[in-house]
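Below is one structure, written out as structure tokens; the observations come after it.
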Amino acid sequence: MVGRLGAADLAAIAALDEFEVHARGRMSPGGFDYVAGGAWDEVTLLENVQAWRRYRFRPRVLTGPAAIDLSGRFLGRPAALPIAVAPMAFQALAHPGGEVAMARAAASAGVPFCMSTSSSVTLEAVAAAIPDDRRWFQLYNVEDLEFTRSLVERAVAAGYQAIVLTVDLPVLGYRLRDRHSGFRAPRMANLPPELDRTADRYRGMDQRDFTLAWADIATVKTWSSLPLMLKGILTVDDARLAVDAGVAGIVVSNHGGRQLDRSVATADVLEEIVSAVGDRLEVWVDGGIRSGLDVVVALALGATGVLVGRPLYWALAAGGQAGVERALAILREELSAAFPLLGVSDVDGIERSHLR
């Protein structure tokens, strides 16, 4: 593997997609495929990216000079951009700094960081690294509800501001790349060794112990006063059940194409979900976001905010914290150009009528 990119090389990168080739040369083949890959034939993985690009803009002109405000809001609190860092597992596969480097880059850019249960370092280590910045904790149901509750309690004690419960992983998707490479997941730092059965998931282990049901959401809500988001919603029916469950919001997500292949692309269902429930809770979206223009499309379709995943992972591999800072700067630069060209000065000005 080659060394990390320096400042001059990072400055020369002009698009998020350009980080991937640098990441490939800096990660182990199995680790790279674990992050890059999807389930089965990777149809959803590809369509997640393509779906955003099918939309076309209808810009307005002569809207008058105005200062551009790129800020967004998540759970009622401002962020420098309408973007947050998606939860991603085992970030030390990309760089020794792992989640700490990613979180520090997010804090530097003024955007929220979502910490994965399946992390390379503990949730407390990230809290210590960015004690005064926006942090959410992504939660899996691990082993049983009692231990899962202990993770929430640790997140509360460490000052995390929201819980993002992933609901689309009753079992692991059938991932061909991992089966061919023999990839074994690293240890989950947030779990004691006796509960860390992550590697077993890649040997086809029965995972019924990890299953949640709608009836469990009420229980999870009692564990803390933090806002609860449900990540992994793809249908209006489930979005309405989330409203009934009284959660703060949902993330329209298909797990980056890593679970049930041939699931719908998030861009293809976002608008109908927002139309059904967007006036009653926040609707975030992830999956296939590769540029500032994708972010604008998501906002025009009604998303409150956007989570970005793999491109930031590749940026971490390419240049550590500085690489992620460069990736987020690219998104800022793209939005700074897209807003005035679209004829808007802020997020609230982006409307469905701007898209065809």
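In the structure tokens, each chain is lettered A, B, ... as it comes, each chain's residues begin at 1, and ligands are numbered from 1 in order of appearance.
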
Mind checking which residues fall within 7 Å of A:Leu331, counting only C-alpha atoms, ignoring those fewer than 3 positions away in the same chain, and posting them as a list in words?
->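 Result of the neighbour search: Ser291, Gly292, Ala327, Leu328, Glu334 and Leu335 of chain A.
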
Can you pull out every residue within 9 Å of A:Gly249, counting only C-alpha atoms, but drop anything in the same chain fewer than 2 positions away, and send it as an mmCIF file with C-alpha atoms, in the first residue's frame?
```
data_model
loop_
_atom_site.group_PDB
_atom_site.id
_atom_site.type_symbol
_atom_site.label_atom_id
_atom_site.label_comp_id
_atom_site.auth_asym_id
_atom_site.auth_seq_id
_atom_site.Cartn_x
_atom_site.Cartn_y
_atom_site.Cartn_z
ATOM 1 C CA LEU A 75 -33.406 17.949 14.467
ATOM 2 C CA PRO A 227 -34.434 12.132 19.604
ATOM 3 C CA LEU A 228 -34.823 8.744 17.924
ATOM 4 C CA MET A 229 -34.389 8.337 14.156
ATOM 5 C CA LEU A 230 -35.219 5.131 12.270
ATOM 6 C CA LYS A 231 -32.750 4.381 9.483
ATOM 7 C CA ALA A 242 -42.711 5.464 12.177
ATOM 8 C CA VAL A 243 -45.006 8.468 12.646
ATOM 9 C CA GLY A 246 -43.612 8.824 17.676
ATOM 10 C CA VAL A 247 -40.009 8.960 16.488
ATOM 11 C CA VAL A 251 -33.719 8.012 7.128
ATOM 12 C CA GLY A 278 -42.785 15.003 5.809
ATOM 13 C CA ARG A 280 -44.919 15.188 10.803
ATOM 14 C CA LEU A 281 -41.272 14.221 11.175
ATOM 15 C CA GLU A 282 -37.868 14.879 9.640
ATOM 16 C CA VAL A 283 -36.939 12.865 6.564
ATOM 17 C CA TRP A 284 -33.246 12.353 5.849
#
```

May I ask which of the residues A:Ala315, A:Cys114, A:Ala265, A:Leu172 is the closest one to A:Ile330, counting only C-alpha atoms?
-> A:Ala315

Would you please extract all strand (DSSP E or B) residues from stretch 100-332 of chain A, as assigned by DSSP on the backbone, and give them as a PyMOL selection string?
-> chain A and resi 113-115+135-139+163-166+228-233+249-252+282-285+305-308

For A:Trp214, work out the shell of residues within 10 Å, counting only C-alpha atoms and skipping chain neighbours fewer than 4 positions away, then give it as a PDB file with C-alpha atoms, in the first residue's frame.
```pdb
ATOM      1  CA  VAL A 167     -33.980  -1.151  11.218  1.00  0.00           C
ATOM      2  CA  ALA A 218     -41.679   2.032  22.162  1.00  0.00           C
ATOM      3  CA  THR A 219     -39.207   0.234  24.418  1.00  0.00           C
ATOM      4  CA  ASP A 238     -43.350   1.965   7.100  1.00  0.00           C
ATOM      5  CA  LEU A 241     -45.739   3.396  11.148  1.00  0.00           C
ATOM      6  CA  ALA A 242     -42.711   5.464  12.177  1.00  0.00           C
ATOM      7  CA  ALA A 245     -44.341   5.208  16.815  1.00  0.00           C
TER       8      ALA A 245
END
```

Kindly give the distance, in Å, that separates atom CA of A:Pro112 and atom CA of A:Ile83, rounded to a single decimal.
->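 Separation of atom CA of A:Pro112 and atom CA of A:Ile83: 7.6 Å.
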
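Atom CA of A:Phe183 is found 9.3 Å from atom CA of A:Pro29.
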
Would you return as a PyMOL selection string the members of stretch 125-349 of chain A that DSSP assigns to alpha helix (DSSP H) on this structure's backbone?
-> chain A and resi 125-129+145-157+176-181+198-201+214-221+236-245+266-277+292-300+310-342

Output file for the selection above: C-alpha atoms, as a CSV table (one decimal), in the first residue's frame:
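Okay, this is what ended up in again09.csv:
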```csv
chain,number,residue,atom,x,y,z
A,125,ALA,CA,-13.2,7.9,22.2
A,126,VAL,CA,-15.0,9.9,19.6
A,127,ALA,CA,-16.8,11.9,22.2
A,128,ALA,CA,-13.5,12.9,23.7
A,129,ALA,CA,-12.1,13.9,20.3
A,145,LEU,CA,-32.4,-5.5,24.1
A,146,GLU,CA,-30.8,-5.3,27.6
A,147,PHE,CA,-27.2,-5.0,26.2
A,148,THR,CA,-28.5,-2.7,23.4
A,149,ARG,CA,-29.9,-0.5,26.1
A,150,SER,CA,-26.5,-0.2,27.6
A,151,LEU,CA,-25.1,1.2,24.4
A,152,VAL,CA,-27.8,3.9,24.5
A,153,GLU,CA,-27.0,4.7,28.1
A,154,ARG,CA,-23.3,5.0,27.2
A,155,ALA,CA,-24.1,7.3,24.3
A,156,VAL,CA,-26.2,9.5,26.6
A,157,ALA,CA,-23.4,9.6,29.2
A,176,LEU,CA,-20.5,-11.9,-2.9
A,177,ARG,CA,-17.3,-9.8,-2.6
A,178,ASP,CA,-16.9,-10.7,1.0
A,179,ARG,CA,-17.5,-14.4,0.4
A,180,HIS,CA,-14.9,-14.4,-2.4
A,181,SER,CA,-12.3,-12.5,-0.4
A,198,THR,CA,-19.5,-9.8,13.9
A,199,ALA,CA,-17.1,-12.2,12.1
A,200,ASP,CA,-19.7,-15.0,12.4
A,201,ARG,CA,-22.1,-13.0,10.3
A,214,TRP,CA,-42.3,-2.3,15.6
A,215,ALA,CA,-43.4,-3.2,19.1
A,216,ASP,CA,-39.8,-2.7,20.3
A,217,ILE,CA,-39.6,0.9,19.2
A,218,ALA,CA,-41.7,2.0,22.2
A,219,THR,CA,-39.2,0.2,24.4
A,220,VAL,CA,-36.2,1.8,22.7
A,221,LYS,CA,-37.8,5.3,23.2
A,236,VAL,CA,-44.8,4.9,2.7
A,237,ASP,CA,-46.4,2.3,4.9
A,238,ASP,CA,-43.4,2.0,7.1
A,239,ALA,CA,-42.9,5.7,7.2
A,240,ARG,CA,-46.5,6.0,8.5
A,241,LEU,CA,-45.7,3.4,11.1
A,242,ALA,CA,-42.7,5.5,12.2
A,243,VAL,CA,-45.0,8.5,12.6
A,244,ASP,CA,-47.3,6.3,14.8
A,245,ALA,CA,-44.3,5.2,16.8
A,266,THR,CA,-33.6,6.0,-2.4
A,267,ALA,CA,-34.0,8.8,-4.9
A,268,ASP,CA,-36.9,6.9,-6.4
A,269,VAL,CA,-39.0,6.7,-3.2
A,270,LEU,CA,-37.9,9.8,-1.3
A,271,GLU,CA,-40.6,12.2,-2.8
A,272,GLU,CA,-43.5,9.9,-2.1
A,273,ILE,CA,-42.4,9.3,1.5
A,274,VAL,CA,-41.9,13.0,2.1
A,275,SER,CA,-45.4,13.7,0.7
A,276,ALA,CA,-46.9,11.2,3.1
A,277,VAL,CA,-45.1,12.1,6.3
A,292,GLY,CA,-23.4,18.6,-4.4
A,293,LEU,CA,-25.9,18.3,-7.3
A,294,ASP,CA,-27.2,15.1,-5.8
A,295,VAL,CA,-27.6,17.0,-2.5
A,296,VAL,CA,-29.7,19.7,-4.3
A,297,VAL,CA,-31.9,17.0,-5.9
A,298,ALA,CA,-32.5,15.4,-2.5
A,299,LEU,CA,-33.5,18.8,-1.0
A,300,ALA,CA,-35.8,19.6,-3.9
A,310,ARG,CA,-18.7,5.9,0.9
A,311,PRO,CA,-17.0,9.0,-0.7
A,312,LEU,CA,-16.0,10.2,2.7
A,313,TYR,CA,-14.6,6.7,3.5
A,314,TRP,CA,-12.5,6.9,0.4
A,315,ALA,CA,-11.3,10.4,1.3
A,316,LEU,CA,-10.3,9.1,4.8
A,317,ALA,CA,-8.3,6.3,3.1
A,318,ALA,CA,-6.7,8.8,0.7
A,319,GLY,CA,-5.6,11.4,3.2
A,320,GLY,CA,-6.9,10.8,6.7
A,321,GLN,CA,-8.6,13.8,8.4
A,322,ALA,CA,-7.3,16.1,5.7
A,323,GLY,CA,-8.8,14.0,3.0
A,324,VAL,CA,-12.2,14.1,4.6
A,325,GLU,CA,-11.9,17.8,5.1
A,326,ARG,CA,-11.1,18.2,1.4
A,327,ALA,CA,-14.1,16.0,0.4
A,328,LEU,CA,-16.5,18.1,2.5
A,329,ALA,CA,-14.9,21.3,1.1
A,330,ILE,CA,-15.7,20.0,-2.4
A,331,LEU,CA,-19.3,19.6,-1.5
A,332,ARG,CA,-19.4,23.1,-0.1
A,333,GLU,CA,-17.8,24.5,-3.3
A,334,GLU,CA,-20.3,22.6,-5.4
A,335,LEU,CA,-23.3,23.9,-3.4
A,336,SER,CA,-21.8,27.4,-3.5
A,337,ALA,CA,-22.0,27.2,-7.3
A,338,ALA,CA,-25.3,25.3,-7.6
A,339,PHE,CA,-27.4,27.5,-5.4
A,340,PRO,CA,-27.0,30.8,-7.4
A,341,LEU,CA,-27.1,28.9,-10.7
A,342,LEU,CA,-30.4,27.4,-9.6
```

Could you check how far atom CA of A:Ala12 sits from atom CA of A:Ala109, in Å to one decimal?
->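 The value is 18.9 Å.
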
Find the spatial neighbours of A:Pro65, counting only C-alpha atoms, within a cut-off of 9 Å - ignore same-chain residues fewer than 2 positions away - and output them as a compact mmCIF listing (two decimals) with C-alpha atoms, in the first residue's frame.
```txt
# COMPACT_ATOMS: atom_id res chain seq x y z
CA LEU A 62 -32.94 37.15 -12.48
CA THR A 63 -33.75 36.31 -8.88
CA ALA A 67 -25.85 36.33 -0.06
CA PRO A 340 -27.00 30.76 -7.42
CA SER A 345 -29.97 31.72 -1.95
```

A:Arg290, A:Gly305, A:Thr122, A:Arg356: which is nearest A:Leu16, counting only C-alpha atoms?
-> A:Arg290

Nearest candidate to A:Leu191 (options A:Val252, A:Val164, A:Leu169, A:Val121; using only C-alpha atoms) |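 Answer, going by the shortest atom-to-atom distance: A:Val121.
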
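Minimum atom-to-atom distances from A:Pro170, A:Gly38, A:Gly349, A:Gly30 to A:Leu212 were compared using only C-alpha atoms, and the lowest value belongs to A:Pro170.
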
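Nearest residue to A:Arg73, choosing from A:Ile233, A:Val111, A:Leu123, A:Ala158 and counting only C-alpha atoms: A:Val111.
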